[in-house]
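Trainee: Structure file my_file_39.txt (compact mmCIF, C-alpha atoms) right here:
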```txt
# COMPACT_ATOMS: atom_id res chain seq x y z
CA MET A 1 92.74 164.12 60.08
CA PRO A 2 92.17 161.59 57.25
CA ARG A 3 93.74 158.17 57.47
CA ARG A 4 96.72 157.50 55.24
CA ARG A 5 96.32 155.19 52.27
CA ILE A 6 97.84 151.76 52.80
CA GLY A 7 99.97 152.09 49.67
CA PHE A 8 101.77 149.69 47.33
CA TRP A 9 104.60 148.61 49.63
CA TYR A 10 102.34 147.69 52.53
CA ARG A 11 100.00 145.78 50.25
CA PHE A 12 103.00 144.01 48.73
CA ALA A 13 104.24 143.04 52.21
CA ALA A 14 100.76 141.78 53.08
CA VAL A 15 100.70 139.60 49.95
CA LEU A 16 103.98 138.03 51.06
CA CYS A 17 103.27 137.63 54.76
CA LYS A 18 99.56 136.91 55.15
CA PRO A 19 99.40 133.47 53.45
CA PRO A 20 101.97 131.78 55.73
CA LEU A 21 100.44 133.46 58.78
CA VAL A 22 96.98 132.16 57.83
CA VAL A 23 98.40 128.65 57.40
CA LEU A 24 100.47 128.61 60.60
CA ILE A 25 98.13 130.24 63.15
CA LYS A 26 94.45 130.51 63.87
CA ARG A 27 93.06 133.88 64.93
CA ASP A 28 91.15 135.07 67.98
CA TRP A 29 91.07 138.82 67.40
CA ARG A 30 89.04 141.13 69.60
CA GLY A 31 88.80 144.81 70.40
CA MET A 32 89.02 146.17 66.85
CA GLU A 33 86.23 148.59 67.75
CA ASN A 34 88.76 150.35 70.01
CA ILE A 35 91.05 151.18 67.09
CA PRO A 36 90.36 154.82 66.10
CA ALA A 37 88.82 155.18 62.66
CA GLU A 38 90.51 158.54 62.05
CA GLY A 39 93.42 160.60 63.32
CA GLY A 40 96.79 159.77 64.77
CA PHE A 41 97.19 157.38 67.68
CA ILE A 42 99.60 155.00 69.38
CA THR A 43 99.23 151.31 70.07
CA ALA A 44 101.25 149.93 72.99
CA VAL A 45 101.82 146.21 72.44
CA ASN A 46 103.45 143.47 74.50
CA HIS A 47 106.31 141.54 72.86
CA ASN A 48 106.95 137.84 73.44
CA SER A 49 108.17 136.35 70.15
CA HIS A 50 110.17 137.23 67.05
CA VAL A 51 107.03 136.25 65.10
CA ASP A 52 104.58 138.53 66.89
CA PRO A 53 105.40 141.74 64.93
CA PHE A 54 104.14 139.99 61.79
CA ALA A 55 101.13 138.44 63.53
CA TYR A 56 100.19 141.72 65.20
CA ALA A 57 100.71 143.67 61.94
CA HIS A 58 98.22 141.26 60.31
CA TYR A 59 95.64 142.12 62.99
CA GLN A 60 96.25 145.83 62.65
CA TYR A 61 96.25 145.68 58.84
CA ASN A 62 92.78 144.14 58.96
CA THR A 63 91.46 147.14 60.91
CA GLY A 64 92.33 149.40 57.98
CA ARG A 65 94.75 151.40 60.18
CA VAL A 66 98.13 149.94 59.34
CA PRO A 67 100.85 150.17 62.01
CA ARG A 68 104.06 152.11 61.54
CA PHE A 69 106.70 150.39 63.65
CA LEU A 70 109.76 152.06 65.10
CA ALA A 71 113.13 150.79 63.87
CA LYS A 72 116.80 151.80 63.92
CA SER A 73 117.46 154.62 61.48
CA GLY A 74 120.30 152.68 59.83
CA LEU A 75 117.82 150.16 58.38
CA PHE A 76 116.32 152.86 56.16
CA LYS A 77 119.49 153.74 54.29
CA LYS A 78 120.39 151.02 51.80
CA GLY A 79 119.11 148.29 49.51
CA PHE A 80 115.82 146.48 49.35
CA VAL A 81 115.31 146.52 53.12
CA GLY A 82 115.70 150.29 53.20
CA ALA A 83 113.29 150.72 50.28
CA ALA A 84 110.74 148.46 51.97
CA MET A 85 111.09 150.27 55.30
CA ARG A 86 110.59 153.64 53.64
CA GLY A 87 107.85 152.40 51.33
CA THR A 88 105.78 150.88 54.15
CA GLY A 89 106.14 154.06 56.20
CA GLN A 90 108.05 152.59 59.13
CA ILE A 91 109.42 155.09 61.64
CA PRO A 92 113.19 155.70 62.01
CA VAL A 93 114.46 156.17 65.54
CA TYR A 94 117.63 158.23 65.76
CA ARG A 95 119.21 156.72 68.85
CA GLU A 96 122.50 158.50 68.26
CA THR A 97 120.93 161.85 69.20
CA THR A 98 121.54 163.22 72.69
CA ASP A 99 118.05 164.75 72.79
CA ALA A 100 115.53 162.12 73.88
CA LEU A 101 112.62 164.01 72.31
CA SER A 102 114.45 164.37 68.98
CA ALA A 103 115.02 160.61 68.93
CA PHE A 104 111.24 160.21 68.58
CA ARG A 105 110.62 163.23 66.35
CA ALA A 106 109.68 161.05 63.37
CA ALA A 107 107.14 159.19 65.50
CA ILE A 108 105.67 162.47 66.73
CA ASP A 109 105.43 163.73 63.15
CA ALA A 110 103.73 160.50 62.06
CA VAL A 111 101.09 160.77 64.79
CA GLU A 112 100.47 164.40 63.88
CA ARG A 113 99.96 163.32 60.24
CA GLY A 114 97.23 160.94 61.39
CA GLU A 115 99.22 157.70 61.46
CA CYS A 116 99.06 154.72 63.81
CA VAL A 117 102.47 154.32 65.46
CA ALA A 118 103.02 150.92 67.10
CA PHE A 119 105.24 150.86 70.18
CA TYR A 120 106.72 147.87 71.92
CA PRO A 121 107.25 149.71 75.24
CA GLU A 122 109.35 146.89 76.68
CA GLY A 123 111.93 147.55 73.97
CA THR A 124 112.65 143.84 73.50
CA ILE A 125 111.06 140.42 73.89
CA THR A 126 109.97 139.93 77.48
CA ARG A 127 112.41 138.23 79.82
CA ASP A 128 109.78 137.65 82.46
CA PRO A 129 109.88 133.92 83.33
CA ASP A 130 106.12 133.61 82.71
CA GLN A 131 106.13 135.98 79.72
CA TRP A 132 104.19 138.82 81.34
CA PRO A 133 104.97 142.40 80.21
CA MET A 134 108.11 143.84 81.78
CA VAL A 135 108.82 147.36 83.02
CA GLY A 136 108.39 149.63 80.00
CA LYS A 137 110.65 152.25 78.48
CA THR A 138 109.35 155.80 78.29
CA GLY A 139 109.30 156.45 74.52
CA ALA A 140 105.58 155.74 74.03
CA ALA A 141 104.67 157.96 76.97
CA ARG A 142 106.93 160.72 75.67
CA VAL A 143 105.23 160.73 72.26
CA ALA A 144 101.77 160.40 73.78
CA LEU A 145 102.22 163.32 76.16
CA THR A 146 103.74 165.47 73.41
CA THR A 147 100.91 164.85 70.94
CA LYS A 148 98.04 164.11 73.39
CA CYS A 149 96.98 161.34 71.02
CA PRO A 150 94.99 158.26 72.08
CA VAL A 151 97.08 155.34 73.39
CA ILE A 152 95.45 151.97 72.69
CA PRO A 153 96.71 149.11 74.90
CA VAL A 154 97.04 145.88 72.91
CA ALA A 155 97.88 142.44 74.29
CA GLN A 156 98.76 139.40 72.22
CA TRP A 157 99.41 135.76 73.00
CA GLY A 158 100.04 132.73 70.81
CA ALA A 159 102.88 133.72 68.52
CA ASN A 160 105.11 132.88 71.47
CA GLU A 161 103.74 129.34 71.41
CA LEU A 162 104.60 129.08 67.72
CA LEU A 163 108.10 130.49 68.31
CA PRO A 164 108.96 130.81 72.02
CA PRO A 165 111.07 133.77 73.16
CA TYR A 166 114.66 133.48 71.92
CA ALA A 167 113.98 130.04 70.40
CA LYS A 168 115.49 129.19 67.02
CA LYS A 169 112.99 126.59 65.82
CA PRO A 170 109.21 126.97 65.60
CA ASN A 171 106.76 124.60 67.25
CA LEU A 172 104.37 123.99 64.37
CA ARG A 173 102.03 121.33 65.80
CA PRO A 174 99.39 121.56 66.95
CA ARG A 175 98.40 124.69 65.08
CA LYS A 176 98.55 127.66 67.43
CA THR A 177 96.00 130.44 67.96
CA HIS A 178 97.06 134.08 67.92
CA HIS A 179 94.97 135.97 70.48
CA VAL A 180 94.82 139.76 70.27
CA LEU A 181 92.79 142.06 72.49
CA ALA A 182 92.82 145.84 72.04
CA GLY A 183 91.43 147.86 74.93
CA PRO A 184 89.96 151.35 75.22
CA PRO A 185 92.34 154.34 75.24
CA VAL A 186 94.53 154.75 78.31
CA ASP A 187 93.56 157.73 80.48
CA LEU A 188 96.63 159.97 80.57
CA ASP A 189 94.83 163.28 81.15
CA ARG A 190 96.46 163.89 84.52
CA PHE A 191 99.92 163.92 82.90
CA TYR A 192 99.18 166.55 80.23
CA ASP A 193 100.67 170.04 80.29
CA LYS A 194 103.24 169.16 82.94
CA GLU A 195 107.01 169.17 82.81
CA MET A 196 108.19 165.90 81.28
CA THR A 197 110.44 164.84 84.13
CA PRO A 198 111.84 161.29 84.30
CA GLU A 199 109.50 160.60 87.20
CA LEU A 200 106.43 161.77 85.27
CA LEU A 201 107.38 159.70 82.23
CA LYS A 202 107.97 156.60 84.35
CA GLU A 203 104.59 157.02 86.02
CA ALA A 204 102.79 157.49 82.69
CA THR A 205 104.63 154.49 81.25
CA GLU A 206 103.55 152.32 84.17
CA VAL A 207 99.92 153.36 83.57
CA ILE A 208 100.29 152.26 79.94
CA MET A 209 101.96 148.96 80.88
CA THR A 210 99.25 148.25 83.44
CA ALA A 211 96.59 148.69 80.77
CA VAL A 212 98.44 146.33 78.40
CA THR A 213 98.84 143.79 81.20
CA ARG A 214 95.13 143.91 82.00
CA GLN A 215 94.33 143.01 78.40
CA LEU A 216 96.75 140.08 78.60
CA GLU A 217 95.17 138.91 81.86
CA GLN A 218 91.85 138.69 80.02
CA ILE A 219 93.40 136.64 77.24
CA ARG A 220 95.24 134.28 79.59
CA GLY A 221 92.48 134.08 82.20
CA GLU A 222 94.88 134.64 85.10
CA LYS A 223 96.41 137.46 87.12
CA ALA A 224 99.84 138.87 86.42
CA PRO A 225 102.41 139.06 89.24
CA ALA A 226 102.04 142.02 91.57
CA THR A 227 105.60 143.14 90.81
CA ARG A 228 106.59 143.75 87.20
CA TYR A 229 109.83 142.15 86.00
CA ASP A 230 112.58 144.76 85.65
CA PRO A 231 115.55 143.62 83.53
CA ARG A 232 117.71 146.47 84.79
CA GLN A 233 117.12 145.47 88.40
CA GLU A 234 117.76 141.86 87.47
CA ARG A 235 121.14 142.82 85.97
CA ILE A 236 122.02 144.68 89.16
CA GLU A 237 121.07 141.67 91.26
CA GLN A 238 123.02 139.38 88.95
CA ARG A 239 126.13 141.54 89.37
CA ARG A 240 125.67 141.45 93.13
CA ARG A 241 125.36 137.67 93.10
CA THR A 242 128.44 137.36 90.90
CA GLN A 243 130.45 139.66 93.16
CA ALA A 244 129.32 137.77 96.26
CA GLN A 245 130.21 134.44 94.64
CA THR A 246 133.63 135.75 93.60
CA GLN A 247 134.28 137.08 97.09
CA THR A 248 133.30 133.73 98.59
CA GLN A 249 135.63 131.89 96.23
CA VAL A 250 138.50 134.24 97.08
CA GLN A 251 137.90 133.79 100.80
CA HIS A 252 137.70 130.02 100.39
CA LYS A 253 140.94 129.93 98.42
CA ALA A 254 142.67 132.11 101.00
CA ALA A 255 141.51 129.81 103.78
CA GLN A 256 142.81 126.79 101.88
CA GLU A 257 146.19 128.41 101.33
CA GLU A 258 146.37 129.40 104.98
CA GLY A 259 145.57 125.83 106.00
CA GLN A 260 148.23 124.44 103.70
CA GLY A 261 150.77 126.92 105.13
CA THR A 262 150.25 125.66 108.65
```
Please rewrite the model in this file as structure tokens.
Mentor:
Amino acid sequence: MPRRRIGFWYRFAAVLCKPPLVVLIKRDWRGMENIPAEGGFITAVNHNSHVDPFAYAHYQYNTGRVPRFLAKSGLFKKGFVGAAMRGTGQIPVYRETTDALSAFRAAIDAVERGECVAFYPEGTITRDPDQWPMVGKTGAARVALTTKCPVIPVAQWGANELLPPYAKKPNLRPRKTHHVLAGPPVDLDRFYDKEMTPELLKEATEVIMTAVTRQLEQIRGEKAPATRYDPRQERIEQRRRTQAQTQTQVQHKAAQEEGQGT
């Protein structure tokens, strides 16, 4: 399958975005030899800054295999933003559909056309206190198991030092270094040709997230925690803590009122 031409819109975006990126951050980019030269594939990338999609796109652009990111389908409909999204070949995700596979149909089609589809499996900027990859969502695994395409684990670090997670102001000095390390394809063979149950997808997703985390460990020179941060579990625990605190306050107030009554 031949690679798709980069095209006018992507080159135009590169002209706009590359100069400030070159000025703001230095580059330590490794693993480009693991990016397939031909055919469709997925990159699974960690997410720790609002800047890192641009910094990572710069890395991927320089490999000659430009990334097609997933975005809400509504962004493709109107105005300049919609024209740019369509022109650069970004991938609409139809979250309103009740069929999980149909939600990623455009991504599946893109892979089958020979595109590189970039997934942020965490679905949002990491909330891990030390900025390690969180528990992933299953979309990347779903597309990978449907198409049997290579999944390249990619870790990045440094854009988060320029603009920390959920920060509003960048930290410009000293000049930061954007580290990227792409690893060899994730081995998902044991998941092929099986029923795509939630359990199977979760297991395949964890294999992908482990591969991404290993790349980040190499960049950071340290080991990730043994247990991956799970925002859903954290929300459950937060609700439990809130309920326990409320119950304690109610009991305390009742005891005070009882004491006053006597």
Trainee: Between CA of Lys169 (chain A) and CA of Ala55 (chain A), measure the distance and give it in Å to one decimal.
Mentor: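 So the answer is 16.9 Å.
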Trainee: Please measure the separation of CA of Tyr120 (chain A) and CA of Tyr229 (chain A), giving the value in Å to one decimal.
Mentor: 15.5 Å
Trainee: Identify, on the basis of only C-alpha atoms, every residue whose closest approach to region 60-68 of chain A does not exceed 9 Å; exclude the query and any residue fewer than 6 positions from it along the same chain; express the result as a list in words.
Mentor: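 Residues near the query, excluding close chain neighbours: Arg3, Arg4, Arg5, Ile6, Tyr10, Ala14, Met32, Glu33, Ile35, Pro36, Ala37, Glu38, Ile42, Thr43, Thr88, Gly89, Gln90, Ile91, Ala107, Ala110, Glu115, Cys116, Val117, Ala118 and Phe119 of chain A.
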Trainee: Hey, what's within 9 Å of region 203-206 of chain A if we count all atoms listed in the file and toss same-chain stuff fewer than 4 positions away? As an MDAnalysis selection string, please?
Mentor: chainID A and resid 121 135:142 145 188 191 198:199 210:211
Trainee: Looking at A:Val180, A:Val45, A:Leu201, A:Leu24, which one is nearest to Pro133 (chain A), with distances taken over all atoms listed in the file?
Mentor: A:Val45
Trainee: Will you model N, CA, C and O atoms for region 167-192 of chain A and pass it back as a compact mmCIF listing (two decimals), in the coordinates of the input?
Mentor:
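Output saved as selection03.txt:
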```txt
# COMPACT_ATOMS: atom_id res chain seq x y z
N ALA A 167 113.82 131.36 71.01
CA ALA A 167 113.98 130.04 70.40
C ALA A 167 114.40 130.19 68.94
O ALA A 167 114.12 131.20 68.30
N LYS A 168 115.04 129.16 68.40
CA LYS A 168 115.49 129.19 67.02
C LYS A 168 114.60 128.38 66.09
O LYS A 168 114.60 128.60 64.88
N LYS A 169 113.85 127.43 66.64
CA LYS A 169 112.99 126.59 65.82
C LYS A 169 111.55 126.74 66.24
O LYS A 169 111.24 126.75 67.44
N PRO A 170 110.62 126.84 65.26
CA PRO A 170 109.21 126.97 65.60
C PRO A 170 108.61 125.64 66.05
O PRO A 170 109.10 124.57 65.72
N ASN A 171 107.53 125.75 66.80
CA ASN A 171 106.76 124.60 67.25
C ASN A 171 105.46 124.59 66.45
O ASN A 171 104.49 125.27 66.81
N LEU A 172 105.43 123.86 65.36
CA LEU A 172 104.37 123.99 64.37
C LEU A 172 103.10 123.22 64.73
O LEU A 172 102.02 123.58 64.26
N ARG A 173 103.21 122.16 65.50
CA ARG A 173 102.03 121.33 65.80
C ARG A 173 101.84 121.18 67.30
O ARG A 173 102.82 121.00 68.03
N PRO A 174 100.59 121.25 67.73
CA PRO A 174 99.39 121.56 66.95
C PRO A 174 99.38 123.02 66.52
O PRO A 174 100.14 123.83 67.05
N ARG A 175 98.49 123.32 65.59
CA ARG A 175 98.40 124.69 65.08
C ARG A 175 98.02 125.64 66.21
O ARG A 175 97.08 125.38 66.97
N LYS A 176 98.74 126.73 66.32
CA LYS A 176 98.55 127.66 67.43
C LYS A 176 97.50 128.71 67.08
O LYS A 176 97.19 128.95 65.91
N THR A 177 96.97 129.36 68.12
CA THR A 177 96.00 130.44 67.96
C THR A 177 96.64 131.74 68.41
O THR A 177 97.21 131.82 69.50
N HIS A 178 96.55 132.76 67.57
CA HIS A 178 97.06 134.08 67.92
C HIS A 178 95.91 134.89 68.49
O HIS A 178 94.95 135.23 67.80
N HIS A 179 96.00 135.18 69.79
CA HIS A 179 94.97 135.97 70.48
C HIS A 179 95.43 137.42 70.52
O HIS A 179 96.57 137.71 70.90
N VAL A 180 94.55 138.33 70.16
CA VAL A 180 94.82 139.76 70.27
C VAL A 180 93.61 140.42 70.90
O VAL A 180 92.47 140.13 70.53
N LEU A 181 93.87 141.30 71.86
CA LEU A 181 92.79 142.06 72.49
C LEU A 181 93.24 143.51 72.64
O LEU A 181 94.19 143.81 73.36
N ALA A 182 92.56 144.40 71.92
CA ALA A 182 92.82 145.84 72.04
C ALA A 182 91.81 146.44 73.01
O ALA A 182 90.61 146.17 72.91
N GLY A 183 92.31 147.24 73.94
CA GLY A 183 91.43 147.86 74.93
C GLY A 183 91.10 149.30 74.60
O GLY A 183 91.58 149.86 73.61
N PRO A 184 90.29 149.93 75.42
CA PRO A 184 89.96 151.35 75.22
C PRO A 184 91.18 152.23 75.50
O PRO A 184 92.14 151.77 76.14
N PRO A 185 91.18 153.47 75.04
CA PRO A 185 92.34 154.34 75.24
C PRO A 185 92.72 154.48 76.71
O PRO A 185 91.85 154.52 77.60
N VAL A 186 94.01 154.55 76.96
CA VAL A 186 94.53 154.75 78.31
C VAL A 186 94.27 156.19 78.73
O VAL A 186 94.49 157.12 77.95
N ASP A 187 93.82 156.38 79.96
CA ASP A 187 93.56 157.73 80.48
C ASP A 187 94.87 158.34 80.97
O ASP A 187 95.38 157.97 82.03
N LEU A 188 95.39 159.28 80.20
CA LEU A 188 96.63 159.97 80.57
C LEU A 188 96.40 161.45 80.84
O LEU A 188 97.36 162.22 80.92
N ASP A 189 95.15 161.86 81.02
CA ASP A 189 94.83 163.28 81.15
C ASP A 189 95.61 163.96 82.27
O ASP A 189 96.01 165.12 82.15
N ARG A 190 95.82 163.24 83.37
CA ARG A 190 96.46 163.89 84.52
C ARG A 190 97.94 164.20 84.29
O ARG A 190 98.55 164.93 85.07
N PHE A 191 98.50 163.67 83.20
CA PHE A 191 99.92 163.92 82.90
C PHE A 191 100.12 165.05 81.89
O PHE A 191 101.26 165.47 81.66
N TYR A 192 99.04 165.53 81.28
CA TYR A 192 99.18 166.55 80.23
C TYR A 192 99.60 167.90 80.83
O TYR A 192 99.28 168.23 81.96
```
